[in-house]
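Asks: First the structure, then my questions, so here it is.
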Amino acid sequence: MTRQTQTRAANRAVGRADATHPVLTGPALGGLANALPPHVWFCVSAVFHYLGPAFAVLLFDQVGVLGMAWLRIATAALIFAPLTTPWRIFARAARAQRLVLLAFGACLAVMNCSFYLALERLPISLVAAIEFVGTIGVALVGLRSLRNFAALAVAVIGTLLLIDVKWSSDPLGVFWAFLNGALFVGYIVIGHRVAQAGYGIAGLGAAMAIAFVIVFPIGFREALPAFSSPQLFVAAIGVGICSSVIPYICDQLAMARLPRASFALMLSLLPLTATLIGIVVLRQMPGIPGCLGIAMVIAGVAMHKPMPQ
């Protein structure tokens with residue numbers, strides 16, 4: 001049996017596993033996933049991408065940075081486990097697909113830790129700006145048209161206007177931010193491959209279980225205070241759901257129907273959502289350049305024409 005044949009067989013096995021699970025592919029959820037445009041799923045993900053971390057920052061003093069990352073990944077892994085049976089997905093996958101799932105899980109684990117370590121030292125707006133830098137290269141790979149190149153240029157200029165990009169005096173914080181940005185590119189590339197291969201939510205569940213195994217010895221000690229405070233524990237679970245369950249599911253639903261370059265370009269909305277969350281949650285109003293940046297980001301995404309799969 002060739003590697004391609006093994007991969008197709010593994011994908012069929014995953015499809016059969018998903019089909020037997022009504023929670024994942026029931027008529028209601030499957031119909032809703034296909035009825036709504038992929039851009040809707042992306043917008044939901046964009047909102048929760050920074051909403052959860054914004055609340056997580058408020059818990060750093062009580063739980064610790066790596067402890068909060070541990071609780072975030074643990075919450076997602078425990079929610080996905082009974083729904084996706086990751087052990088079965090991993091066992092049935094071909095060797096090449098197992099390596100993809102392992103890489104996806106490792107990327108999720110290190111990305112989440114570096115993201116929180118950056119948020120501990122830098123403003124969320126600066127982390128969002130650095131996170132978007134890496135996605136520009138992914139979008140450039142699949143432009144293929146003058147219209148899409150112009151759309152990207154407008155979105156990038158809008159992002160620079162939207163966020164007061166400045167270099168921090170904290171080199172360690174900048175290091176964690178750039179590491180998070182690089183791994184975010186990996187999340188897009190590998191996550192898109194998982195979605196296009198037919199794994200979808202099931203593959204995400206398997207990757208999250210792998211991420212939990214990797215992060216378990218790293219942040220468990222810092223996470224212990226949450227287990228002695230019911231209020232803190234519930235808050236940490238809420239952050240995990242908002243940060244790793246809702247946005248990652250929505251990303252997979254969007255990635256399955258959007259070309260990778262289109263998805264990467266739409267990530268320019270992330271600084272926009274970060275600003276809006278700052279207005280709603282932190283009461284931080286943008287100035288005139290910020291409002292102009294918001295308009296340009298929206299215009300850039302609207303101008304973009306997705307390339308055929």
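Naming works like this for the structure tokens: A, B, ... for the chains as they're shown, residue 1 at the start of each chain, ligands 1 onward in shown order.
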Name the residues of stretch 143-230 of chain A that fall into helix (DSSP H, G or I) according to DSSP on the backbone, using the chain letters and numbers of this document, as a ChimeraX atom specification.
Replies: /A:146-162,171-196,200-227,230
Asks: Name all residues at most 10 Å from A:Arg257 (count only C-alpha atoms; drop same-chain ones fewer than 2 positions away) and give them as an MDAnalysis selection string.
Replies: chainID A and resid 34 37:39 192 195:196 252:255 259:260 263 308:309
Asks: Measuring atom to atom with only C-alpha atoms, identify which of A:Gly181, A:Gly158, A:Pro171, A:Pro123 is nearest to A:Gly137.
Replies: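 The closest residue to A:Gly137 is A:Gly181.
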Asks: Using only C-alpha atoms, which residue out of A:Leu146, A:Ile279, A:Val40, A:Leu269 lies closest to A:Ile294?
Replies: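 Of the candidates, the smallest distance to A:Ile294 is held by A:Leu269.
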Asks: For A:Leu122, which of A:Ile241, A:Ala46, A:Ala182, A:Ala177 is the closest residue, counting only C-alpha atoms?
Replies: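 Closest to A:Leu122 of all the choices is A:Ala177.
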Asks: Could you check which of A:Asn180, A:Ser114, A:Ser125, A:Ser45 is closest to A:Thr159, using only C-alpha atoms?
Replies: A:Ser125
Asks: Any idea what's packed within 12 Å of A:Arg72, counting only C-alpha atoms, ignoring anything in its chain fewer than 4 positions away? Could you give it as a ChimeraX atom specification?
Replies: /A:52-53,55-56,59,63,65-68,76-79,108-109,112-113,115-116,208,211-212,215-216,219-220,223,226,233-246
Asks: If I take atom CA of A:Phe227 and atom CA of A:Trp87, how far is one from the other in Å, to one decimal?
Replies: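 For atom CA of A:Phe227 relative to atom CA of A:Trp87, the distance reads 26.7 Å.
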Asks: Atom CA of A:Leu143 and atom CA of A:Val174, how far apart in Å?
Replies: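 Computing the Euclidean distance for atom CA of A:Val174 and atom CA of A:Leu143 yields 29.0 Å.
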